[in-house]
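Worksheet for the structure shown next.
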Amino acid sequence: MKYLLKIGLAALVLALFGCGAYTFTGGDVGDAQTFQVNYFQNYATQSPGSVFHPGLDRDYTLSLQDLILNQTNLDLVSSNADLVYEGEIVEYRVQPMSATAQQRAAQNRLTMTVNVRFFNKTKEDADFEQRFSFFFDYPAASQLASVRDQAHQEIFERINQDIFTRSLANW
C-alpha cells in the first residue's frame, strides 16, 4: 500500500511540475515581472454621438489594473515596467436599439470602445495596438444613471478580459 501511495504522489508531482508553470487564468507573462497601466484619457467626446462621463477614465484605468493584479503574479509599478498598457477611451455612447409600436425606444444600448497599445519589453513581437469594444443593453424606461454601475462593471469586465487574452493568453 505504501508503495502505491509513493508512486501516486510521484506521479502527481510530475504532472504538476513536469510541463512547466501553468496558471488557471491562461495568462503567460513569460519573463515579465512588472506591469504598468498608464492613465486612459477619455476622448469619447471626439467621436460623434458620444457623451462625456466624469470619472470614467479613472474607473476604467483602475479596473484594468485590478484585473491584471488578480489574474497574474506581476507587480504593479508606475514606470519602467516589463509590460505597459496605455490608450484612450474613444467611444461612450447611448443609442436606441429597438422600438415599440408607438415609435419609441424599447431598449437602449450603452457602448464603450477603448483603443489600447500594449508593449512587452521581454517579447517585442507581442506588441500591438487594437480597439476593444463592448455594450450593455437596458430598458429605455430606465435612466442611464440608474444602471450605470452595473453597465460599467459588465463592460469593463468584458473589455479587460479581451485585452488580457490578447496580451497575455498565448493559447
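Residues are referred to by chain and number: the chain letter is A, B, ... according to the order shown in the C-alpha cells, the number counts from 1 in that chain, and ligands are numbered separately from 1 in the order shown.
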
Leaving out range 160-171 of chain A and any residue of its chain fewer than 3 positions from it, which residues lie within 12 Å of it when counting only C-alpha atoms, given as number ranges by chain?
A: 22-32, 35, 37, 60-72, 74, 83-87, 112-120, 123-134, 152-157

Those selected residues, please, written with C-alpha atoms and delivered as a PDB file, in the first residue's frame.
```pdb
ATOM      1  CA  TYR A  22       0.504  26.772 -15.616  1.00  0.00           C
ATOM      2  CA  THR A  23      -1.954  29.374 -14.465  1.00  0.00           C
ATOM      3  CA  PHE A  24      -5.676  28.770 -14.350  1.00  0.00           C
ATOM      4  CA  THR A  25      -6.319  32.140 -15.972  1.00  0.00           C
ATOM      5  CA  GLY A  26      -4.361  31.190 -19.075  1.00  0.00           C
ATOM      6  CA  GLY A  27      -2.027  34.158 -18.665  1.00  0.00           C
ATOM      7  CA  ASP A  28       1.519  33.721 -19.925  1.00  0.00           C
ATOM      8  CA  VAL A  29       3.677  36.543 -18.567  1.00  0.00           C
ATOM      9  CA  GLY A  30       6.894  34.967 -19.846  1.00  0.00           C
ATOM     10  CA  ASP A  31       9.912  36.621 -18.219  1.00  0.00           C
ATOM     11  CA  ALA A  32       7.946  39.726 -17.224  1.00  0.00           C
ATOM     12  CA  PHE A  35       3.392  45.894 -15.414  1.00  0.00           C
ATOM     13  CA  VAL A  37      -1.278  50.729 -16.774  1.00  0.00           C
ATOM     14  CA  TYR A  60     -11.614  52.194 -16.247  1.00  0.00           C
ATOM     15  CA  THR A  61      -7.868  52.521 -15.591  1.00  0.00           C
ATOM     16  CA  LEU A  62      -8.285  51.110 -12.076  1.00  0.00           C
ATOM     17  CA  SER A  63     -10.403  48.207 -13.335  1.00  0.00           C
ATOM     18  CA  LEU A  64      -7.721  47.146 -15.831  1.00  0.00           C
ATOM     19  CA  GLN A  65      -5.042  47.350 -13.124  1.00  0.00           C
ATOM     20  CA  ASP A  66      -7.175  45.236 -10.787  1.00  0.00           C
ATOM     21  CA  LEU A  67      -7.809  42.538 -13.392  1.00  0.00           C
ATOM     22  CA  ILE A  68      -4.107  42.124 -14.185  1.00  0.00           C
ATOM     23  CA  LEU A  69      -3.188  42.138 -10.485  1.00  0.00           C
ATOM     24  CA  ASN A  70      -5.813  39.477  -9.759  1.00  0.00           C
ATOM     25  CA  GLN A  71      -5.013  37.205 -12.703  1.00  0.00           C
ATOM     26  CA  THR A  72      -1.204  37.302 -12.704  1.00  0.00           C
ATOM     27  CA  LEU A  74       3.021  40.597 -11.783  1.00  0.00           C
ATOM     28  CA  LEU A  83       4.546  45.170 -19.710  1.00  0.00           C
ATOM     29  CA  VAL A  84       2.898  48.513 -20.469  1.00  0.00           C
ATOM     30  CA  TYR A  85      -0.763  49.149 -21.218  1.00  0.00           C
ATOM     31  CA  GLU A  86      -1.822  52.562 -22.468  1.00  0.00           C
ATOM     32  CA  GLY A  87      -4.545  54.070 -24.579  1.00  0.00           C
ATOM     33  CA  MET A 112     -17.818  51.809 -24.868  1.00  0.00           C
ATOM     34  CA  THR A 113     -14.711  51.481 -27.040  1.00  0.00           C
ATOM     35  CA  VAL A 114     -11.134  51.631 -25.829  1.00  0.00           C
ATOM     36  CA  ASN A 115      -8.047  51.952 -28.003  1.00  0.00           C
ATOM     37  CA  VAL A 116      -5.175  50.031 -26.386  1.00  0.00           C
ATOM     38  CA  ARG A 117      -1.449  49.999 -27.028  1.00  0.00           C
ATOM     39  CA  PHE A 118       0.434  47.131 -25.402  1.00  0.00           C
ATOM     40  CA  PHE A 119       4.215  46.947 -25.121  1.00  0.00           C
ATOM     41  CA  ASN A 120       6.091  43.882 -23.899  1.00  0.00           C
ATOM     42  CA  LYS A 123       8.961  39.871 -26.042  1.00  0.00           C
ATOM     43  CA  GLU A 124       8.678  42.727 -28.520  1.00  0.00           C
ATOM     44  CA  ASP A 125       6.856  40.756 -31.205  1.00  0.00           C
ATOM     45  CA  ALA A 126       3.903  40.672 -28.778  1.00  0.00           C
ATOM     46  CA  ASP A 127       3.349  44.464 -29.009  1.00  0.00           C
ATOM     47  CA  PHE A 128       0.042  45.607 -30.513  1.00  0.00           C
ATOM     48  CA  GLU A 129      -2.441  48.441 -30.896  1.00  0.00           C
ATOM     49  CA  GLN A 130      -6.099  47.483 -31.094  1.00  0.00           C
ATOM     50  CA  ARG A 131      -9.602  48.731 -30.302  1.00  0.00           C
ATOM     51  CA  PHE A 132     -11.775  46.792 -27.880  1.00  0.00           C
ATOM     52  CA  SER A 133     -15.486  47.415 -27.523  1.00  0.00           C
ATOM     53  CA  PHE A 134     -18.451  46.078 -25.625  1.00  0.00           C
ATOM     54  CA  HIS A 152     -19.709  49.741 -16.263  1.00  0.00           C
ATOM     55  CA  GLN A 153     -18.982  46.556 -14.342  1.00  0.00           C
ATOM     56  CA  GLU A 154     -20.074  44.346 -17.264  1.00  0.00           C
ATOM     57  CA  ILE A 155     -18.480  46.473 -19.983  1.00  0.00           C
ATOM     58  CA  PHE A 156     -15.162  46.886 -18.129  1.00  0.00           C
ATOM     59  CA  GLU A 157     -15.018  43.180 -17.299  1.00  0.00           C
TER      60      GLU A 157
END
```

Counting only C-alpha atoms, what is within 12 Å of Pro54 in chain A, bar same-chain residues fewer than 6 positions away, as a PyMOL selection string?
chain A and resi 41-45+60+92

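Per DSSP on the backbone, strand (DSSP E) in range 45-113 of chain A comprises Asp75, Leu76, Leu83, Val84, Tyr85, Glu86, Gly87, Glu88, Ile89, Val90, Glu91, Tyr92, Arg93, Val94, Gln95, Pro96, Met97, Ser98, Ala99, Ala105, Ala106, Gln107, Asn108, Arg109, Leu110, Thr111, Met112 and Thr113 of chain A.
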
Quick one: write out the picked residues with C-alpha atoms as a PDB file, in the first residue's frame?
```
ATOM      1  CA  ASP A  75       3.830  43.621  -9.648  1.00  0.00           C
ATOM      2  CA  LEU A  76       2.193  46.952 -10.495  1.00  0.00           C
ATOM      3  CA  LEU A  83       4.546  45.170 -19.710  1.00  0.00           C
ATOM      4  CA  VAL A  84       2.898  48.513 -20.469  1.00  0.00           C
ATOM      5  CA  TYR A  85      -0.763  49.149 -21.218  1.00  0.00           C
ATOM      6  CA  GLU A  86      -1.822  52.562 -22.468  1.00  0.00           C
ATOM      7  CA  GLY A  87      -4.545  54.070 -24.579  1.00  0.00           C
ATOM      8  CA  GLU A  88      -7.694  56.098 -24.513  1.00  0.00           C
ATOM      9  CA  ILE A  89     -11.450  55.766 -24.294  1.00  0.00           C
ATOM     10  CA  VAL A  90     -12.612  56.655 -27.808  1.00  0.00           C
ATOM     11  CA  GLU A  91     -16.361  55.994 -27.612  1.00  0.00           C
ATOM     12  CA  TYR A  92     -19.030  56.155 -24.917  1.00  0.00           C
ATOM     13  CA  ARG A  93     -22.465  56.403 -26.444  1.00  0.00           C
ATOM     14  CA  VAL A  94     -26.087  55.562 -25.783  1.00  0.00           C
ATOM     15  CA  GLN A  95     -28.307  54.696 -28.719  1.00  0.00           C
ATOM     16  CA  PRO A  96     -31.804  53.197 -29.088  1.00  0.00           C
ATOM     17  CA  MET A  97     -31.797  49.550 -30.143  1.00  0.00           C
ATOM     18  CA  SER A  98     -35.410  48.556 -30.629  1.00  0.00           C
ATOM     19  CA  ALA A  99     -38.690  50.416 -30.956  1.00  0.00           C
ATOM     20  CA  ALA A 105     -37.285  53.205 -27.951  1.00  0.00           C
ATOM     21  CA  ALA A 106     -37.923  49.982 -26.058  1.00  0.00           C
ATOM     22  CA  GLN A 107     -34.283  49.317 -25.323  1.00  0.00           C
ATOM     23  CA  ASN A 108     -31.112  51.397 -25.227  1.00  0.00           C
ATOM     24  CA  ARG A 109     -27.524  50.307 -25.653  1.00  0.00           C
ATOM     25  CA  LEU A 110     -24.518  51.833 -23.901  1.00  0.00           C
ATOM     26  CA  THR A 111     -21.369  51.133 -25.943  1.00  0.00           C
ATOM     27  CA  MET A 112     -17.818  51.809 -24.868  1.00  0.00           C
ATOM     28  CA  THR A 113     -14.711  51.481 -27.040  1.00  0.00           C
TER      29      THR A 113
END
```

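Here CA of Asn73 in chain A stands at a distance of 23.0 Å from CA of Arg58 in chain A.
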
Mind the document's chain letters and residue numbers, and return as a PyMOL selection string the residues of range 10-169 of chain A that DSSP labels alpha helix (DSSP H).
chain A and resi 10-17+56-71+144-168

Only C-alpha atoms, please: the residues just picked out, written as a CSV table (one decimal), in the first residue's frame.
```
chain,number,residue,atom,x,y,z
A,10,ALA,CA,5.4,10.9,-7.5
A,11,ALA,CA,3.0,10.9,-10.5
A,12,LEU,CA,1.1,13.9,-9.1
A,13,VAL,CA,4.3,15.9,-8.6
A,14,LEU,CA,5.5,15.1,-12.1
A,15,ALA,CA,2.1,16.0,-13.5
A,16,LEU,CA,2.0,19.4,-11.8
A,17,PHE,CA,5.6,20.4,-12.4
A,56,LEU,CA,-14.9,57.1,-16.5
A,57,ASP,CA,-11.2,57.4,-17.3
A,58,ARG,CA,-10.1,56.8,-13.7
A,59,ASP,CA,-12.6,54.0,-13.1
A,60,TYR,CA,-11.6,52.2,-16.2
A,61,THR,CA,-7.9,52.5,-15.6
A,62,LEU,CA,-8.3,51.1,-12.1
A,63,SER,CA,-10.4,48.2,-13.3
A,64,LEU,CA,-7.7,47.1,-15.8
A,65,GLN,CA,-5.0,47.3,-13.1
A,66,ASP,CA,-7.2,45.2,-10.8
A,67,LEU,CA,-7.8,42.5,-13.4
A,68,ILE,CA,-4.1,42.1,-14.2
A,69,LEU,CA,-3.2,42.1,-10.5
A,70,ASN,CA,-5.8,39.5,-9.8
A,71,GLN,CA,-5.0,37.2,-12.7
A,144,LEU,CA,-28.7,55.5,-17.6
A,145,ALA,CA,-27.7,56.8,-14.1
A,146,SER,CA,-29.8,54.0,-12.6
A,147,VAL,CA,-28.0,51.2,-14.4
A,148,ARG,CA,-24.5,52.9,-14.9
A,149,ASP,CA,-22.7,50.9,-12.1
A,150,GLN,CA,-23.9,47.6,-13.4
A,151,ALA,CA,-23.3,48.6,-17.0
A,152,HIS,CA,-19.7,49.7,-16.3
A,153,GLN,CA,-19.0,46.6,-14.3
A,154,GLU,CA,-20.1,44.3,-17.3
A,155,ILE,CA,-18.5,46.5,-20.0
A,156,PHE,CA,-15.2,46.9,-18.1
A,157,GLU,CA,-15.0,43.2,-17.3
A,158,ARG,CA,-15.6,42.1,-20.9
A,159,ILE,CA,-13.2,44.7,-22.5
A,160,ASN,CA,-10.5,44.0,-19.9
A,161,GLN,CA,-10.8,40.2,-20.3
A,162,ASP,CA,-10.4,40.7,-24.1
A,163,ILE,CA,-7.3,42.9,-23.6
A,164,PHE,CA,-5.9,40.3,-21.1
A,165,THR,CA,-6.5,37.5,-23.6
A,166,ARG,CA,-4.9,39.4,-26.5
A,167,SER,CA,-1.9,40.5,-24.5
A,168,LEU,CA,-1.1,37.5,-22.2
```

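Going from CA of Asn38 in chain A to CA of Ser79 in chain A covers 9.0 Å.
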
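Here CA of Phe136 in chain A is placed at a distance of 23.4 Å from CA of Tyr39 in chain A.
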